[in-house]
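A.B. asks: Okay, handing you the structure first.
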Amino acid sequence: MEPADQSAGRTRAGAVDLMTDDFDAMYETFQALLETFPPTEAVKRLELLRVEPDVIERIRDRHEQHTIRIKELEEPHAVVMGNRDTWYTGPQTKDKCWPAIVELLRKDEWPKEPILDLDQSSTRVVSLLNHPKEKSFSARGLVVGYVQSGKTTNFTSVMAKAADRGYKLFIVLAGIHNGLRRQTQARLVQQLVEPNPSLWSQLTGLEKDFTPQENPASYFGKSNKTHVLCVVKKNATVLRKLARWLDKASDYLKDCPALIIDDEADQATVATKSINPLILSIMSSLPRSAYVGYTASPFANLLIDPSAEDLYPRDFIVNLPKPSGHFGTEVLFGRYALDGEDEDDIDDGYDMIRPVPVEDVPCVRPETKADVEGFEPVITETLRRAIEYFWLVTAARRVRGTGNPHSTMLIHTSVNTAVHNSFKRPLEHLRARTAKSLTEETVLTRLRALWNEETAHVTAEEFREVKVPFDGLLAELPGVLRNCRVIMDNSSSEDRLDYENGPIVAIAVGGNTLSRGLTLEGLSVSYFVRAVSAYDTLLQMGRWFGFRHGYADLPRIWMTDELAEWFRHLATVETEMRRDIDIYMTEAETPLTFAVRLRTHPALRVTAAAKMRSAVTAASSYGGRRVQTHYFHTDAEWLRRNTAAARALIADSVTTAVRVEERPADGRYIFRDVPHDVVTQFLASYQFHEKSPENDADLISTYIHKRVSSAGSLRRWNVALVGTPNGDPFTFAPNVTVGCNVRSRLKTNAAPGSVDIKTLMSPRDAAVDLPGDGAKLDEDGIRKKRQEEFPDTGLLVLYPIDKNSEPRPDKKKTRAPLNTEESVIGVGLVFPKPRSSDSTVEKYISADLSNVRIEDEDLSLLEGEDA
């Protein structure tokens with residue numbers, strides 16, 4: 001017979017189990033109520049069912065723990081307005097749409113980890129939507145992803161989870177081209193409709209955009225028990241039809257929770273006279289609606305005036321994490337160091353960019369509109385190498401037999417369809433001629449040299465691949481050339497890239513239909529000389545970004561040096577913007593205050609003019625920032641003028657400084673408490689390179705004057721010289737000499753006659769005037785110490801740079817000697833972080849936009865019936 005206490009213990013345990021089972025059942029009842037009521041209403045229903053108050057409290061606690069888990073996910077980061085209720089706590093066992101997507105991804109051999117990441121990121125977005133049974137709501141959010149990184153899969157997952165929880169109408173705005181709309185419709189049908197056909201009705205099909213076919217009340221009456229899918233172009237005529245049709249269905253729609261997904265939300269949505277009001281009109285017909293924009297280039301979206309009745313993401317901004325293995329701007333082009341980063345820790349990017357000489361551009365693109373008619377492109381040496389390399393890559397990928405079965409090359413030189421079509425004949429001629437000459441020794445020698453040269457630049461081992469020797473791919477080349485199609489894919493051609501009917505090999509020539517939105521399967525080579533400098537347009541044109549499983553060592557891009565430099569600068573702005581979103585998330589910022597801070601970034605004044613017309617004027621604030629020069633002209637006259645400006649500054653500093661510290665053994669001089677007008681005089685005479693939008697002498701000087709007059713800050717400056725003890729001596733003033741620094745240039749130049757050194761200041765240079773050993777402080781330590789010691793004092797640092805500046809041996813792959821005609825003077829400025837609100841200075845749209853044409857947005861397509 002067992003002891004009484006053991007028997008009693010087992011009885012108590014059984015009672016606890018019973019109580020737990022009862023509580024779990026009650027919590028399931030609460031979850032069932034959440035299908036019909038928002039959380040607060042669901043709790044009231046429990047009270048009406050006379051559930052004990054302590055049980056209700058436990059139910060609320062458990063639900064809160066589940067919501068906290070969603071809110072505190074490590075990824076993705078989000079900036080959220082107020083305390084939005086997080087009612088959604090993740091998928092449930094009875095769900096049908098989300099499990100179907102998971103099953104499809106597993107069939108496509110997605111690893112477990114990416115599926116988990118997708119689950120978390122889509123759950124976070126759904127958690128920020130309103131509960132579908134709220135009486136009325138009109139939410140606006142933005143999801144920031146990466147180009148070609150799976151944004152479509154993410155919003156498809158969001159739609160699936162929202163459908164599982166009761167959202168009924170799903171409108172997807174799929175770019176401005178038929179090809180992208182069709183591609184998006186096909187994806188959504190495959191992943192949402194086909195696995196659960198009884199749950200879905202479709203207002204649009206693969207071949208047709210929205211056309212009203214019946215009375216909306218009748219349609220929605222028949223579709224009452226299904227989710228409705230509508231995939232439309234951002235075309236004024238189409239959206240107008242949809243808006244009118246929905247307006248007639250107001251009786252049904254007042255109880256219809258709707259989710260509007262805006263794919264490529266920066267394109268055609270912001271500040272357009274027709275599309276923007278039509279989207280708002282559609283939302284006005286939907287009393288329960290959420291608008292979520294998806295983009296990889298949110299510059300224009302975040303420049304909308306938050307106070308206007310518009311599509312500014314006032315409720316939430318979500319920053320999706322960068323997926324593992326994704327080729328982004330930074331990976332390919334490198335970037336500049338951000339504040340506090342050491343240049344040696346920042347990669348210059350993979351050696352995958354090949355220069356197109358400036359003299360080649362007129363051969364592949366008409367110089368003026370008058371030259372378009374009768375234009376015939378010339379297959380230049382660099383274009384021929386790009387095409388031949390594409391054929392070699394395709395053959396090598398066939399030998400490997402892994403990864404994407406398609407192989408595509410992109411040629412994009414113009415938006416003009418006549419120019420695209422002019423490439424057909426010379427490309428076909430080159431293909432035929434090469435196919436016939438594959439047995440000629442001279443041709444084989446040239447192809448072998450090209451293959452060996454390229455595979456030496458980027459080794460297969462860097463990507464855990466095995467190099468395919470030239471002799472190994474030779475057997476595949478005839479088949480590659482035989483299968484290769486030359487496709488003109490633009491708004492006027494009937495030929496289209498079709499990846500649905502077996503593997504293809506294609507050289508695709510086109511304009512915006514290819515360069516924006518449409519996925520180019522198996523893209524391995526790009527030839528790109530389109531002239532444009534708006535950040536968002538550039539970023540979206542990066543069809544070469546994405547995943548390259550099985551051939552990550554092989555992609556190459558041919559483009560002008562100037563364009564490559566734009567992309568490097570863009571990578572820096574993009575990285576800093578994403579970092580700011582992450583920082584602001586931890587500082588309890590809202591999307592509205594985030595907007596103000598983002599608009600004050602000095603380098604974010606570049607977006608297409610059409611998108612800025614109704615935006616608030618971009619303002620720049622330098623508070624808490626570092627500004628440094630890294631572009632320089634190479635000619636003697638320009639450099640001498642800057643040397644004269646620097647020597648005048650030091651001469652004035654010698655006479656006006658309160659105290660001078662000499663540390664020649666370290667290559668350092670510090671002139672303390674120099675009047676601000678000495679600094680602004682220097683800024684008026686020193687010439688910044690015109691390709692540095694963040695280095696605007698007028699803006700910086702205006703900012704200094706505003707801080708002096710409005711806050712009594714920046715009246716005094718510390719001026720420092722930073723050299724090196726071992727460099728060639730450079731004299732700024734009598735008895736003020738330091739050794740020149742070595743700063744080699746990037747091999748990719750900003751423009752002819754210019755050099756880019758990438759980074760001037762080291763992180764510890766911002767501590768040059770601090771007491772003690774600033775080298776021991778990290779970035780946060782330097783910032784904190786500066787705030788303590790110099791809350792109102794700016795720091796200006798001059799760097800003499802050796803005109804030869806040989807690169808270090810380990811940098812010779814991406815660096816070259818500076819080779820300027822005279823020594824270079826670099827300038828760094830460190831601004832204190834304001835203790836209260838900062839001053840801003842305004843300058844409307846950078847002059848660098850002079851070459852951005854209205855056709856960048858294809859606005860003609862937005863107004864017409866179709867394109």
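Residues are named by chain letter and number: chains run A, B, ... in the order of the structure tokens, numbers start at 1 in each chain, and ligands are numbered from 1 in the order shown.
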Just the alpha helix (DSSP H) stuff from range 764-814 of chain A, please, per backbone DSSP, written as a VMD selection string.

C.D. replies: chain A and resid 779 to 789

A.B. asks: Would you write out those residues with N, CA and C atoms, as a PDB file, in the first residue's frame?

C.D. replies:
```pdb
ATOM      1  N   GLU A 779      33.340  53.684 -30.926  1.00  0.00           N
ATOM      2  CA  GLU A 779      32.522  54.742 -31.517  1.00  0.00           C
ATOM      3  C   GLU A 779      31.580  55.364 -30.497  1.00  0.00           C
ATOM      4  N   ASP A 780      30.880  54.530 -29.733  1.00  0.00           N
ATOM      5  CA  ASP A 780      29.954  55.065 -28.729  1.00  0.00           C
ATOM      6  C   ASP A 780      30.702  55.869 -27.668  1.00  0.00           C
ATOM      7  N   GLY A 781      31.885  55.375 -27.306  1.00  0.00           N
ATOM      8  CA  GLY A 781      32.688  56.075 -26.306  1.00  0.00           C
ATOM      9  C   GLY A 781      33.138  57.441 -26.796  1.00  0.00           C
ATOM     10  N   ILE A 782      33.547  57.510 -28.079  1.00  0.00           N
ATOM     11  CA  ILE A 782      33.965  58.789 -28.660  1.00  0.00           C
ATOM     12  C   ILE A 782      32.792  59.756 -28.691  1.00  0.00           C
ATOM     13  N   ARG A 783      31.626  59.279 -29.122  1.00  0.00           N
ATOM     14  CA  ARG A 783      30.453  60.142 -29.213  1.00  0.00           C
ATOM     15  C   ARG A 783      30.070  60.690 -27.838  1.00  0.00           C
ATOM     16  N   LYS A 784      30.106  59.799 -26.841  1.00  0.00           N
ATOM     17  CA  LYS A 784      29.731  60.208 -25.483  1.00  0.00           C
ATOM     18  C   LYS A 784      30.743  61.205 -24.916  1.00  0.00           C
ATOM     19  N   LYS A 785      32.034  60.935 -25.155  1.00  0.00           N
ATOM     20  CA  LYS A 785      33.086  61.810 -24.637  1.00  0.00           C
ATOM     21  C   LYS A 785      33.024  63.178 -25.311  1.00  0.00           C
ATOM     22  N   ARG A 786      32.748  63.196 -26.616  1.00  0.00           N
ATOM     23  CA  ARG A 786      32.649  64.472 -27.316  1.00  0.00           C
ATOM     24  C   ARG A 786      31.482  65.283 -26.752  1.00  0.00           C
ATOM     25  N   GLN A 787      30.378  64.595 -26.450  1.00  0.00           N
ATOM     26  CA  GLN A 787      29.212  65.297 -25.918  1.00  0.00           C
ATOM     27  C   GLN A 787      29.521  65.907 -24.550  1.00  0.00           C
ATOM     28  N   GLU A 788      30.354  65.213 -23.788  1.00  0.00           N
ATOM     29  CA  GLU A 788      30.733  65.734 -22.467  1.00  0.00           C
ATOM     30  C   GLU A 788      31.707  66.903 -22.586  1.00  0.00           C
ATOM     31  N   GLU A 789      32.719  66.737 -23.445  1.00  0.00           N
ATOM     32  CA  GLU A 789      33.794  67.727 -23.527  1.00  0.00           C
ATOM     33  C   GLU A 789      33.443  68.902 -24.438  1.00  0.00           C
TER      34      GLU A 789
END
```

A.B. asks: Which residues come within 10 Å of range 755-761 of chain A, counting only C-alpha atoms, excluding same-chain residues fewer than 6 positions away, as number ranges by chain?

C.D. replies: A: 334-344, 346, 348, 565, 568-569, 626-634, 689, 722, 741-749, 797-799, 801, 815-820, 826-829

A.B. asks: Between A:Ser136, A:Val372, A:Thr459, A:Ala552, which is the closest to Leu332 in chain A once you count only C-alpha atoms?

C.D. replies: A:Ala552

A.B. asks: Quick check, in Å to one decimal: how far apart do CA of Ile411 in chain A and CA of Glu367 in chain A lie?

C.D. replies: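 Those two atoms sit 17.3 Å apart.
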
A.B. asks: Check the smallest atom-to-atom distance from each of A:Val658, A:Ile282, A:Ala100, A:Leu777 to Ala243 in chain A using only C-alpha atoms, then report the winner.

C.D. replies: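 When distances to Ala243 in chain A are compared using only C-alpha atoms, the smallest one comes from A:Ile282.
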
A.B. asks: Using only C-alpha atoms, determine which residues lie at most 12 Å from Asp498 in chain A, disregarding the query and same-chain residues fewer than 6 positions distant; provide the list as a ChimeraX atom specification.

C.D. replies: /A:179-180,182-183,406-408,485,487,489,504-506,508,518-521

A.B. asks: Write out as a PyMOL selection string the residues lying within 12 Å of Ala449 in chain A, counting only C-alpha atoms and excluding same-chain residues fewer than 2 positions away.

C.D. replies: chain A and resi 385+388-389+392+442-447+451-456+469-471

A.B. asks: So that I can check the surroundings of Asp247 in chain A, please list as an MDAnalysis selection string every protein, DNA and RNA residue that reaches within 12 Å of it, counting only C-alpha atoms and ignoring chain neighbours fewer than 2 positions away.

C.D. replies: chainID A and resid 215:217 240:245 249:254 278 281:287

A.B. asks: Tell me, as a list in words, which residues lie within 10 Å of Thr680 in chain A, counting only C-alpha atoms; anything in the same chain fewer than 2 positions away does not count.

C.D. replies: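 Once the adjacent positions are removed, what remains is Leu649, Pro675, His676, Asp677, Val678, Phe682, Leu683, Ala684, Ser685, Tyr686, Ala697, Asp698, Ile700, Ser701, Thr702, Ile704 and His705 of chain A.
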
A.B. asks: Pick from A:Glu359, A:Val331, A:Arg548, A:Ile507: nearest to Thr402 in chain A, with only C-alpha atoms counted?

C.D. replies: A:Arg548

A.B. asks: In Å, rounded to a single decimal, give me how far CA of Arg641 in chain A is from CA of Gln687 in chain A.

C.D. replies: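 It comes out at 7.8 Å.
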
A.B. asks: In Å, rounded to a single decimal, give me how far CA of Gly401 in chain A is from CA of Tyr551 in chain A.

C.D. replies: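 According to the coordinates, CA of Tyr551 in chain A and CA of Gly401 in chain A are separated by 10.1 Å.
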